[in-house]
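One file, structure_28.txt, is given below (compact mmCIF, C-alpha atoms).
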```txt
# COMPACT_ATOMS: atom_id res chain seq x y z
CA ILE A 1 -10.71 3.45 7.80
CA TRP A 2 -13.91 1.41 8.07
CA GLY A 3 -13.09 0.47 11.65
CA ARG A 4 -11.95 3.94 12.73
CA ALA A 5 -15.02 5.55 11.18
CA GLY A 6 -17.39 3.01 12.76
CA LEU A 7 -18.84 1.95 9.41
CA GLY A 8 -19.24 -1.69 10.36
CA THR A 9 -18.21 -4.65 8.18
CA VAL A 10 -15.98 -3.82 5.23
CA THR A 11 -17.79 -4.21 1.90
CA THR A 12 -17.06 -3.34 -1.69
CA THR A 13 -20.62 -2.32 -2.46
CA GLY A 14 -23.04 0.25 -1.12
CA ASP A 15 -22.86 3.97 -0.41
CA PHE A 16 -20.17 3.75 2.26
CA ALA A 17 -17.85 1.78 -0.04
CA GLY A 18 -18.01 4.54 -2.64
CA ILE A 19 -17.48 7.24 -0.03
CA VAL A 20 -14.38 5.54 1.39
CA ASP A 21 -12.89 4.82 -2.05
CA ARG A 22 -13.27 8.44 -3.10
CA ALA A 23 -11.90 9.66 0.23
CA ILE A 24 -8.76 7.52 -0.09
CA GLU A 25 -8.23 8.62 -3.68
CA ARG A 26 -8.64 12.28 -2.77
CA ALA A 27 -6.17 12.00 0.10
CA TYR A 28 -3.61 10.20 -2.07
CA HIS A 29 -3.66 12.85 -4.78
CA GLU A 30 -3.78 15.67 -2.25
CA ILE A 31 -0.60 14.34 -0.65
CA ALA A 32 1.05 14.10 -4.07
CA ASP A 33 0.11 17.73 -4.73
CA ALA A 34 1.60 18.96 -1.45
CA HIS A 35 5.27 18.72 -2.46
CA PRO A 36 7.51 17.47 -5.33
CA PHE A 37 8.41 14.32 -3.40
CA LEU A 38 11.34 12.17 -4.47
CA TRP A 39 9.00 9.19 -4.67
CA LEU A 40 7.08 11.02 -7.39
CA ARG A 41 10.15 11.36 -9.61
CA ALA A 42 10.01 9.64 -13.00
CA ALA A 43 12.68 7.04 -13.67
CA PRO A 44 14.24 7.39 -16.14
CA PRO A 45 13.86 11.15 -16.60
CA GLY A 46 12.13 12.61 -19.64
CA VAL A 47 13.96 13.57 -22.80
CA PHE A 48 13.25 15.36 -26.06
CA ARG A 49 15.30 16.13 -29.15
CA THR A 50 15.55 19.65 -30.50
CA THR A 51 15.10 20.38 -34.20
CA ASP A 52 17.59 22.19 -36.40
CA ASP A 53 16.38 25.33 -38.14
CA ILE A 54 15.85 25.43 -41.91
CA THR A 55 17.09 28.25 -44.15
CA THR A 56 17.71 26.41 -47.43
CA GLY A 57 16.60 28.27 -50.59
CA THR A 58 13.89 30.94 -50.68
CA ILE A 59 10.15 31.28 -50.18
CA SER A 60 7.45 32.81 -52.37
CA VAL A 61 4.81 34.74 -50.38
CA THR A 62 1.87 36.91 -51.41
CA VAL A 63 0.33 39.66 -49.32
CA GLY A 64 -3.13 38.65 -48.05
CA SER A 65 -2.58 34.93 -48.72
CA THR A 66 -1.87 32.03 -46.39
CA ALA A 67 -0.31 29.96 -49.18
CA ALA A 68 3.48 30.03 -49.62
CA THR A 69 5.95 27.98 -51.64
CA LEU A 70 9.47 26.94 -50.70
CA SER A 71 12.11 26.64 -53.41
CA SER A 72 13.58 23.63 -51.60
CA ALA A 73 11.07 21.12 -50.23
CA PRO A 74 11.79 19.88 -46.67
CA ALA A 75 11.99 16.09 -46.41
CA ALA A 76 10.09 16.01 -43.10
CA SER A 77 6.84 17.79 -42.36
CA VAL A 78 7.29 21.26 -40.88
CA ALA A 79 3.66 21.62 -39.79
CA ASP A 80 3.30 23.32 -36.40
CA ARG A 81 6.75 24.90 -36.65
CA GLU A 82 7.21 28.65 -36.92
CA ILE A 83 8.61 30.76 -39.71
CA ILE A 84 10.12 34.24 -40.03
CA ILE A 85 10.17 35.76 -43.50
CA THR A 86 13.02 38.23 -43.91
CA GLY A 87 11.90 41.82 -44.24
CA TRP A 88 8.73 41.44 -42.19
CA ASN A 89 8.56 41.77 -38.41
CA GLU A 90 6.15 38.90 -37.65
CA VAL A 91 6.30 35.24 -36.73
CA TYR A 92 3.86 32.87 -38.46
CA ARG A 93 3.03 29.30 -37.56
CA ILE A 94 2.92 26.74 -40.34
CA SER A 95 -0.54 25.22 -40.04
CA ALA A 96 -0.16 22.64 -42.83
CA HIS A 97 2.64 20.96 -44.77
CA THR A 98 3.15 17.55 -46.30
CA ALA A 99 6.57 15.90 -45.97
CA GLY A 100 8.53 16.29 -49.19
CA GLY A 101 6.22 19.02 -50.49
CA ALA A 102 7.18 22.60 -51.36
CA GLY A 103 3.86 24.21 -50.44
CA ILE A 104 3.11 25.37 -46.90
CA THR A 105 0.10 27.05 -45.30
CA LEU A 106 0.53 29.91 -42.84
CA ASP A 107 -1.78 30.21 -39.83
CA SER A 108 -2.87 33.68 -40.98
CA ALA A 109 -2.63 35.72 -44.16
CA PHE A 110 0.80 37.21 -44.87
CA ASN A 111 0.91 40.94 -44.07
CA GLY A 112 4.19 41.82 -45.73
CA THR A 113 5.16 42.67 -49.28
CA THR A 114 4.67 40.09 -52.03
CA ASN A 115 8.04 38.48 -52.75
CA ALA A 116 8.86 35.48 -54.93
CA THR A 117 12.37 34.98 -53.56
CA ALA A 118 12.33 36.00 -49.90
CA SER A 119 14.79 34.46 -47.46
CA TYR A 120 13.34 32.82 -44.37
CA VAL A 121 14.00 30.66 -41.34
CA ILE A 122 11.77 27.80 -40.19
CA PHE A 123 12.32 26.76 -36.59
CA GLN A 124 10.84 24.85 -33.67
CA ARG A 125 10.93 26.28 -30.15
CA GLU A 126 7.94 24.38 -28.68
CA TYR A 127 8.28 20.75 -27.63
CA ASP A 128 6.00 18.10 -26.13
CA LEU A 129 6.80 16.42 -22.82
CA ASP A 130 5.92 12.99 -21.47
CA SER A 131 2.21 12.46 -20.89
CA ASP A 132 2.58 11.98 -17.11
CA VAL A 133 4.58 15.14 -16.34
CA LYS A 134 3.52 16.97 -13.17
CA GLU A 135 6.31 19.33 -12.03
CA ILE A 136 9.58 19.83 -13.90
CA ILE A 137 12.43 19.67 -11.37
CA VAL A 138 15.35 20.56 -13.63
CA MET A 139 16.05 20.66 -17.36
CA HIS A 140 19.52 20.51 -18.81
CA VAL A 141 21.60 19.98 -21.96
CA MET A 142 24.97 18.25 -22.35
CA ASP A 143 26.40 19.98 -25.43
CA PRO A 144 27.51 22.34 -24.09
CA GLY A 145 26.50 21.53 -20.52
CA GLY A 146 24.03 23.83 -18.87
CA VAL A 147 20.77 24.10 -16.95
CA ILE A 148 17.70 25.58 -18.64
CA GLU A 149 15.84 27.57 -16.00
CA GLN A 150 12.05 27.62 -15.85
CA ALA A 151 10.41 31.02 -16.31
CA ASP A 152 6.92 32.41 -16.45
CA GLU A 153 5.55 32.55 -20.00
CA ALA A 154 4.93 36.30 -19.77
CA GLU A 155 8.48 36.83 -18.49
CA LEU A 156 9.86 34.90 -21.43
CA LEU A 157 7.92 37.11 -23.85
CA ARG A 158 8.85 40.36 -22.09
CA ASN A 159 12.55 39.56 -22.18
CA ALA A 160 12.55 38.38 -25.79
CA ASP A 161 13.54 40.36 -28.84
CA ALA A 162 10.81 41.51 -31.22
CA LEU A 163 11.60 38.43 -33.28
CA PRO A 164 13.01 35.22 -31.80
CA SER A 165 16.57 34.43 -32.78
CA ALA A 166 18.80 31.36 -32.79
CA LEU A 167 20.09 30.58 -29.31
CA TRP A 168 22.05 27.58 -28.09
CA PRO A 169 22.05 26.48 -25.43
CA PRO A 170 18.77 28.06 -24.34
CA THR A 171 18.89 29.56 -20.85
CA LYS A 172 15.14 29.56 -20.11
CA PHE A 173 11.93 27.73 -20.89
CA ALA A 174 8.27 28.26 -20.04
CA ARG A 175 5.45 25.76 -19.75
CA ILE A 176 2.67 26.63 -22.17
CA GLY A 177 0.63 23.51 -21.45
CA GLN A 178 0.62 20.60 -19.05
CA GLN A 179 2.81 18.63 -21.45
CA ARG A 180 4.30 21.36 -23.66
CA ILE A 181 7.16 23.87 -23.23
CA ARG A 182 8.57 26.80 -25.19
CA LEU A 183 12.29 27.52 -25.26
CA GLU A 184 13.82 30.97 -25.13
CA GLY A 185 14.98 31.69 -28.69
CA TYR A 186 15.07 28.70 -31.02
CA PRO A 187 17.58 25.86 -31.45
CA ASP A 188 19.80 25.94 -34.50
CA ARG A 189 20.95 22.37 -34.06
CA THR A 190 19.66 18.92 -33.12
CA ARG A 191 20.51 18.06 -29.54
CA ARG A 192 19.26 15.97 -26.62
CA VAL A 193 17.51 17.73 -23.72
CA GLU A 194 16.84 15.86 -20.48
CA TYR A 195 14.41 16.88 -17.76
CA ALA A 196 13.79 15.42 -14.32
CA HIS A 197 10.13 15.55 -13.40
CA THR A 198 7.50 14.26 -11.02
CA VAL A 199 4.57 12.23 -12.29
CA ILE A 200 0.82 12.34 -11.80
CA PRO A 201 0.16 9.09 -9.91
CA ALA A 202 -2.46 6.68 -11.18
CA ASP A 203 -5.60 6.13 -9.10
CA ILE A 204 -5.30 3.55 -6.35
CA VAL A 205 -8.76 2.15 -7.06
CA ASP A 206 -7.56 1.18 -10.53
CA GLY A 207 -5.04 -1.20 -8.97
CA ALA A 208 -2.01 1.03 -9.45
CA THR A 209 1.07 0.69 -7.27
CA ILE A 210 1.00 3.08 -4.30
CA LEU A 211 4.03 5.37 -4.67
CA VAL A 212 4.02 6.68 -1.09
CA PRO A 213 6.82 5.00 0.95
CA ARG A 214 5.57 2.23 3.23
CA ASN A 215 6.50 4.08 6.43
CA PHE A 216 4.21 6.96 5.47
CA ARG A 217 1.20 5.13 4.07
CA TYR A 218 -0.64 5.71 7.33
CA VAL A 219 -0.99 9.33 6.16
CA ILE A 220 -3.19 8.13 3.29
CA ALA A 221 -5.38 6.35 5.84
CA ASP A 222 -5.55 9.49 8.01
CA GLY A 223 -6.48 11.55 4.96
CA GLY A 224 -9.03 8.98 3.83
CA LEU A 225 -10.59 9.04 7.28
CA TYR A 226 -10.73 12.84 7.26
CA TRP A 227 -12.45 13.02 3.88
CA THR A 228 -14.82 10.19 4.88
CA TYR A 229 -15.86 12.22 7.92
CA ILE A 230 -16.32 15.31 5.74
CA ALA A 231 -18.53 13.37 3.32
CA ARG A 232 -20.78 11.81 5.96
CA PRO A 233 -20.52 14.46 7.77
CA ASP A 234 -19.01 13.66 11.20
CA ASP A 235 -17.89 15.88 14.10
CA ARG A 236 -14.63 13.91 14.32
CA ALA A 237 -13.41 15.44 11.05
CA ASP A 238 -11.40 18.21 12.73
CA ALA A 239 -9.35 15.80 14.83
CA ALA A 240 -8.72 13.56 11.82
CA GLY A 241 -7.73 16.60 9.77
CA ILE A 242 -5.08 17.55 12.35
CA LEU A 243 -3.56 14.06 12.13
CA TYR A 244 -3.67 14.20 8.34
CA ALA A 245 -2.00 17.63 8.12
CA SER A 246 0.66 16.64 10.65
CA GLY A 247 1.49 13.45 8.77
CA THR A 248 1.72 15.29 5.45
CA GLN A 249 4.13 17.81 6.96
CA LYS A 250 6.28 14.99 8.36
CA MET A 251 6.47 13.54 4.84
CA ILE A 252 7.59 16.90 3.45
CA ASP A 253 10.21 17.34 6.17
CA ALA A 254 11.58 13.82 5.59
CA ASP A 255 11.75 14.44 1.84
CA LYS A 256 13.74 17.63 2.39
CA ARG A 257 16.17 15.80 4.67
CA ASN A 258 16.69 13.13 2.04
CA ARG A 259 17.97 15.76 -0.40
CA VAL A 260 20.96 16.83 1.74
CA THR A 261 23.76 15.06 3.63
CA LEU A 262 23.33 14.38 7.33
CA GLY A 263 26.07 16.89 8.12
CA ARG A 264 24.09 19.66 6.46
CA VAL A 265 20.78 18.86 8.18
CA SER A 266 21.99 19.94 11.60
CA GLY A 267 25.21 19.86 13.56
CA ARG A 268 23.51 17.94 16.37
CA ARG A 269 22.28 15.15 14.11
CA ALA A 270 25.68 14.87 12.39
CA ALA A 271 27.38 14.59 15.79
CA LEU A 272 25.33 11.50 16.58
CA TYR A 273 27.11 9.65 13.77
CA VAL A 274 30.68 10.73 14.59
```

Translate this structure into structure tokens?
Amino acid sequence: IWGRAGLGTVTTTGDFAGIVDRAIERAYHEIADAHPFLWLRAAPPGVFRTTDDITTGTISVTVGSTAATLSSAPAASVADREIIITGWNEVYRISAHTAGGAGITLDSAFNGTTNATASYVIFQREYDLDSDVKEIIVMHVMDPGGVIEQADEAELLRNADALPSALWPPTKFARIGQQRIRLEGYPDRTRRVEYAHTVIPADIVDGATILVPRNFRYVIADGGLYWTYIARPDDRADAAGILYASGTQKMIDADKRNRVTLGRVSGRRAALYV
């Protein structure tokens, strides 16, 4: 990049060094954002474990209060799970609970009728993902086997019943954060869920391994040159941008070919190998 841009002798200090470093980094991440490349896939895939619902005993609730008491204390903390109290058409989140304790705190005051022996269900339909998750490619369960399709959060809410109900296996999920998902319905058993995903690559300047395949690393250089020209600025930016865009598209096309057999790419290409 230094030679192509006419910046003189390569150095790790000075204004130009910072410009080139930032240009390379921007190009690298821009390429990674262009397509869910196979080289961005996490290995092994991510996994989380669903949580069984809890219906043991009863709950004592008071209208206008956030404090509630379970007749049977859960061994593990149920903080951040949700609860439905029978007879009232609302879902509350449990904002505080200590493992082994009977007392729980609701995230807002209870609006229903005071009841010392109400039935209830505590459940968990939101789960955290790995910290490096970028795009989720596919999510599936093994017992029974099935794919959990990704949906828009609003779609999930529109298609849901007034109150969530037990559902296994779930058929849909929505991302409600970069590393958090919500399942359609809620699990009523503990099971393993696996999800293939791409990762957010670490910055090259921090010494991280470059994930782009070796035969396409020239595209990073083309992109770095383009963004260097933009930063200077330089009239040669347009020409460099054309090279950069062309190289990125070639990477996308190659990635798509790698996902199918040669015979399905085109009859002509398959014939070459007969």

Q: Rank nothing, just name the residue among A:Val193, A:Ile200, A:Ala42, A:Ala76 nearest to A:Ile137, using all atoms listed in the file.
A: A:Ala42

Q: Write out as a list in words each polymer residue whose atoms come within 7 Å of stretch 113-117 of chain A, counting only C-alpha atoms; drop sequence neighbours fewer than 2 positions from it.
A: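 Counting only C-alpha atoms, the residues come to Thr58, Ile59, Ser60, Val61, Thr62, Val63, Asn111 and Ser119 of chain A.
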
Determine, using only C-alpha atoms, which residues of stretch 161-216 of chain A have any atom at most 12 Å from an atom of stretch 226-250 of chain A, and tabulate each with its shortest atom pair and distance in Å to one decimal place, rows ordered by chain and then rising number, as a Markdown table.
```
| residue | atom | partner | partner_atom | distance |
| --- | --- | --- | --- | --- |
| A:Val212 | CA | A:Thr248 | CA | 11.1 |
| A:Asn215 | CA | A:Gly247 | CA | 10.9 |
| A:Phe216 | CA | A:Gly247 | CA | 7.8 |
```

Q: Using only C-alpha atoms, determine which residues lie at most 6 Å from stretch 96-107 of chain A, disregarding the query and same-chain residues fewer than 6 positions distant; provide the list as an MDAnalysis selection string.
A: chainID A and resid 66:70 73:77 79

Print the selection's residues with C-alpha atoms to a file, as a compact mmCIF listing (two decimals), in the frame of the given file.
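Contents of part_11.txt, freshly written:
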```
# COMPACT_ATOMS: atom_id res chain seq x y z
CA THR A 66 -1.87 32.03 -46.39
CA ALA A 67 -0.31 29.96 -49.18
CA ALA A 68 3.48 30.03 -49.62
CA THR A 69 5.95 27.98 -51.64
CA LEU A 70 9.47 26.94 -50.70
CA ALA A 73 11.07 21.12 -50.23
CA PRO A 74 11.79 19.88 -46.67
CA ALA A 75 11.99 16.09 -46.41
CA ALA A 76 10.09 16.01 -43.10
CA SER A 77 6.84 17.79 -42.36
CA ALA A 79 3.66 21.62 -39.79
```

Q.
Considering all atoms listed in the file, can you say which of A:Tyr127, A:Met251, A:Val47, A:Arg191 comes closest to A:Ala34?
A.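 Going through A:Tyr127, A:Met251, A:Val47, A:Arg191 one by one, the smallest distance to A:Ala34 is for A:Met251.
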
Q.
Between A:Lys134, A:Arg182, A:Arg93, A:Arg41, which residue has the minimum interatomic distance to A:Ile122, considering all atoms listed in the file?
A. A:Arg93

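The residue that comes closest to A:Val147, out of A:Glu194, A:Glu126, A:Glu90, A:Asp132 and on the basis of all atoms listed in the file, is A:Glu194.
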
Q | Residues near A:Arg125, cut-off 12 Å, all atoms listed in the file, skip fewer than 6 positions along chain, as a PyMOL selection string | A | chain A and resi 48-53+80-83+93+164-168+170+172-176+180-190

Q. In Å, how far is it from atom CA of A:Val133 to atom CA of A:Pro45?
A. 10.1 Å

Q. In Å, with one decimal, what is the gap from atom CA of A:Arg22 to atom CA of A:Glu135?
A.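 Calculated distance between atom CA of A:Arg22 and atom CA of A:Glu135 is 24.1 Å.
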
Q. By how many Å are atom CA of A:Ile252 and atom CA of A:Phe37 apart?
A.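 Straight-line distance from atom CA of A:Ile252 to atom CA of A:Phe37 works out to 7.4 Å.
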
For A:Arg4, list every protein, DNA or RNA residue within 10 Å, evaluated using all atoms listed in the file, and leave out those in the same chain fewer than 6 positions away; present the list as a PDB file with C-alpha atoms, keeping the file's coordinate frame.
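Now in result.pdb:
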```pdb
ATOM      1  CA  ALA A 221      -5.380   6.350   5.840  1.00  0.00           C
ATOM      2  CA  ASP A 222      -5.550   9.490   8.010  1.00  0.00           C
ATOM      3  CA  LEU A 225     -10.590   9.040   7.280  1.00  0.00           C
TER       4      LEU A 225
END
```

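Near A:Tyr195, within 7 Å and counting only C-alpha atoms, sit Pro45, Gly46, Val47, Ile136, Val138, Met139 and His140 of chain A; same-chain residues fewer than 4 positions away were not included.
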
**Q.** Counting all atoms listed in the file, the residue of A:Glu153, A:Ile210, A:Ser108, A:Ala254 that sits nearest A:Gly64
**A.**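 That would be A:Ser108, the residue with the smallest distance to A:Gly64.
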
Per-axis box centre and lengths in Å around stretch 71-90 of chain A, 6 Å margin per side, axis-aligned, as lines of an AutoDock Vina configuration file:
```
center_x = 8.4
center_y = 28.9
center_z = -44.9
size_x = 22.3
size_y = 37.8
size_z = 29.0
```

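Nearest to A:Val20 of all the residues A:Leu211, A:Ala196, A:Val205, A:Ala160 is A:Val205, counting all atoms listed in the file.
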